[in-house]
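Comments concern the structure below.
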Amino acid sequence: MGILHRVRLAVAAVSLSFVTSIVAAQEVRPLVKGQTLYLPIYSHMLYGNLGKAGKASYVLLSALVSIRNTDAKRPLRVLSARYFDTHGKLLGERVPTPVLIPPLGTLELFVELNDASGGSGANFIIKWDAEQTINPPLVESLHANMDGGKAVIFMTQSVPVTD
C-alpha cells in the first residue's frame with residue numbers, strides 16, 4: 001500500500017470521525033427539571049518542551065463561562081457555581097444566591113487572566129433547576145489569551161454528573 005493511499009485512508013478516517021462528532025453534538029437532548037454539571041476550566045495551559053529544570057512553559061488564560069438557557073418558553077434558575085482548583089480544593093462560589101435566567105437568556109461568569117489559582121485542572125460544578133421540565137442549558141467556557149501578538153483561544157463544554 002502506497003503512502004498516498006495511507007494518507008487518503010487517514011484523512012477519510014479523520015473526516016468520518018469529525019462528521020460523527022458533529023452529528024452527536026447536534027442530537028436533541030431530553031427535557032429535564034434540573035442538573036448538576038461539570039465544566040472543565042484551564043487557568044493556564046502547558047505547552048512546548050520540558051526545559052532544563054524539567055518543566056514545560058505555560059500561558060495564563062482567562063475563562064468566560066457562559067450558561068445559556070436554550071428553552072424558548074421557560075426560565076431556569078442557577079443555584080450555584082462552585083469553582084475548584086486542580087487538586088479539588090474549593091476556591092469559591094461564583095453564584096452566592098440563585099440567579100434566574102429568562103428564556104433564551106445567558107448568565108456569564110468570568111475568571112480573570114491574572115487568576116492562576118485554578119490551574120490546568122480547574123473546574124466548575126454548576127447546579128440548576130426549573131419549575132418544570134425544560135431544554136437543558138448549554139454551558140461552555142471560552143478560554144483566551146491574546147497577549148504578545150499571539151492568540152490562544154479554545155472552548156470547553158459541560159457534562160452532566162450525579163451528585
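Residue names in the C-alpha cells use chain letters A, B, ... in the order shown, residue numbers from 1 in each chain, and ligand numbers from 1 in the order shown.
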* Residue contacts of range 69-81 of chain A (12 Å, only C-alpha atoms) excluding same-chain residues fewer than 6 positions away, as a VMD selection string -> chain A and resid 28 to 39 90 to 110 123 to 140
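Note that CA of Ala56 in chain A and CA of Val111 in chain A are 22.9 Å apart.
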* To do: Once DSSP has gone over the backbone, tell me which residues of chain A are in alpha helix (DSSP H), as a list in words.
  => Ile3, Leu4, His5, Arg6, Val7, Arg8, Leu9, Ala10, Val11, Ala12, Ala13, Val14, Ser15, Leu16, Ser17, Phe18, Val19, Thr20, Ser21, Ile22, Val23, Ala24 and Ala25 of chain A
* Residue set, range 84-121 of chain A restricted to strand (DSSP E), as a PyMOL selection string -> chain A and resi 84+90-93+99-101+106-111
I need the chosen residues saved as a PDB file, in the first residue's frame, with N, CA and C atoms.
```pdb
ATOM      1  N   PHE A  84     -13.433  25.040  41.591  1.00  0.00           N
ATOM      2  CA  PHE A  84     -12.451  24.167  42.235  1.00  0.00           C
ATOM      3  C   PHE A  84     -11.119  24.244  41.502  1.00  0.00           C
ATOM      4  N   LEU A  90     -12.010  23.678  46.931  1.00  0.00           N
ATOM      5  CA  LEU A  90     -12.985  24.714  46.597  1.00  0.00           C
ATOM      6  C   LEU A  90     -12.330  26.085  46.700  1.00  0.00           C
ATOM      7  N   LEU A  91     -12.358  26.837  45.590  1.00  0.00           N
ATOM      8  CA  LEU A  91     -11.789  28.184  45.573  1.00  0.00           C
ATOM      9  C   LEU A  91     -12.836  29.255  45.833  1.00  0.00           C
ATOM     10  N   GLY A  92     -14.094  28.944  45.579  1.00  0.00           N
ATOM     11  CA  GLY A  92     -15.140  29.935  45.826  1.00  0.00           C
ATOM     12  C   GLY A  92     -16.444  29.596  45.141  1.00  0.00           C
ATOM     13  N   GLU A  93     -17.470  30.302  45.577  1.00  0.00           N
ATOM     14  CA  GLU A  93     -18.816  30.194  45.000  1.00  0.00           C
ATOM     15  C   GLU A  93     -19.035  31.435  44.148  1.00  0.00           C
ATOM     16  N   VAL A  99     -29.794  32.633  40.718  1.00  0.00           N
ATOM     17  CA  VAL A  99     -29.989  33.604  39.645  1.00  0.00           C
ATOM     18  C   VAL A  99     -30.951  33.009  38.623  1.00  0.00           C
ATOM     19  N   LEU A 100     -32.002  33.757  38.300  1.00  0.00           N
ATOM     20  CA  LEU A 100     -32.978  33.328  37.301  1.00  0.00           C
ATOM     21  C   LEU A 100     -32.506  33.769  35.919  1.00  0.00           C
ATOM     22  N   ILE A 101     -32.449  32.825  34.985  1.00  0.00           N
ATOM     23  CA  ILE A 101     -32.095  33.140  33.600  1.00  0.00           C
ATOM     24  C   ILE A 101     -33.374  33.034  32.776  1.00  0.00           C
ATOM     25  N   THR A 106     -28.782  34.472  29.063  1.00  0.00           N
ATOM     26  CA  THR A 106     -27.457  33.941  29.386  1.00  0.00           C
ATOM     27  C   THR A 106     -26.929  34.568  30.666  1.00  0.00           C
ATOM     28  N   LEU A 107     -26.305  33.734  31.504  1.00  0.00           N
ATOM     29  CA  LEU A 107     -25.563  34.204  32.669  1.00  0.00           C
ATOM     30  C   LEU A 107     -24.087  33.987  32.373  1.00  0.00           C
ATOM     31  N   GLU A 108     -23.269  35.041  32.575  1.00  0.00           N
ATOM     32  CA  GLU A 108     -21.833  34.930  32.335  1.00  0.00           C
ATOM     33  C   GLU A 108     -21.067  35.042  33.645  1.00  0.00           C
ATOM     34  N   LEU A 109     -20.062  34.189  33.797  1.00  0.00           N
ATOM     35  CA  LEU A 109     -19.136  34.230  34.914  1.00  0.00           C
ATOM     36  C   LEU A 109     -17.749  34.391  34.304  1.00  0.00           C
ATOM     37  N   PHE A 110     -16.831  35.046  35.025  1.00  0.00           N
ATOM     38  CA  PHE A 110     -15.532  35.319  34.425  1.00  0.00           C
ATOM     39  C   PHE A 110     -14.405  35.001  35.396  1.00  0.00           C
ATOM     40  N   VAL A 111     -13.414  34.277  34.902  1.00  0.00           N
ATOM     41  CA  VAL A 111     -12.180  34.019  35.640  1.00  0.00           C
ATOM     42  C   VAL A 111     -11.105  34.837  34.936  1.00  0.00           C
TER      43      VAL A 111
END
```
* Find the spatial neighbours of Ile41 in chain A, counting only C-alpha atoms, within a cut-off of 12 Å - ignore same-chain residues fewer than 5 positions away - and output them as JSON, numbers by chain. => {"A": [60, 61, 62, 63, 64, 65, 82, 83, 84, 85, 86, 109, 110, 111, 112, 115, 116, 117, 118, 119, 120, 121, 122, 123, 124, 125, 139, 140, 141, 142, 143, 144, 154, 155, 156, 157, 158]}
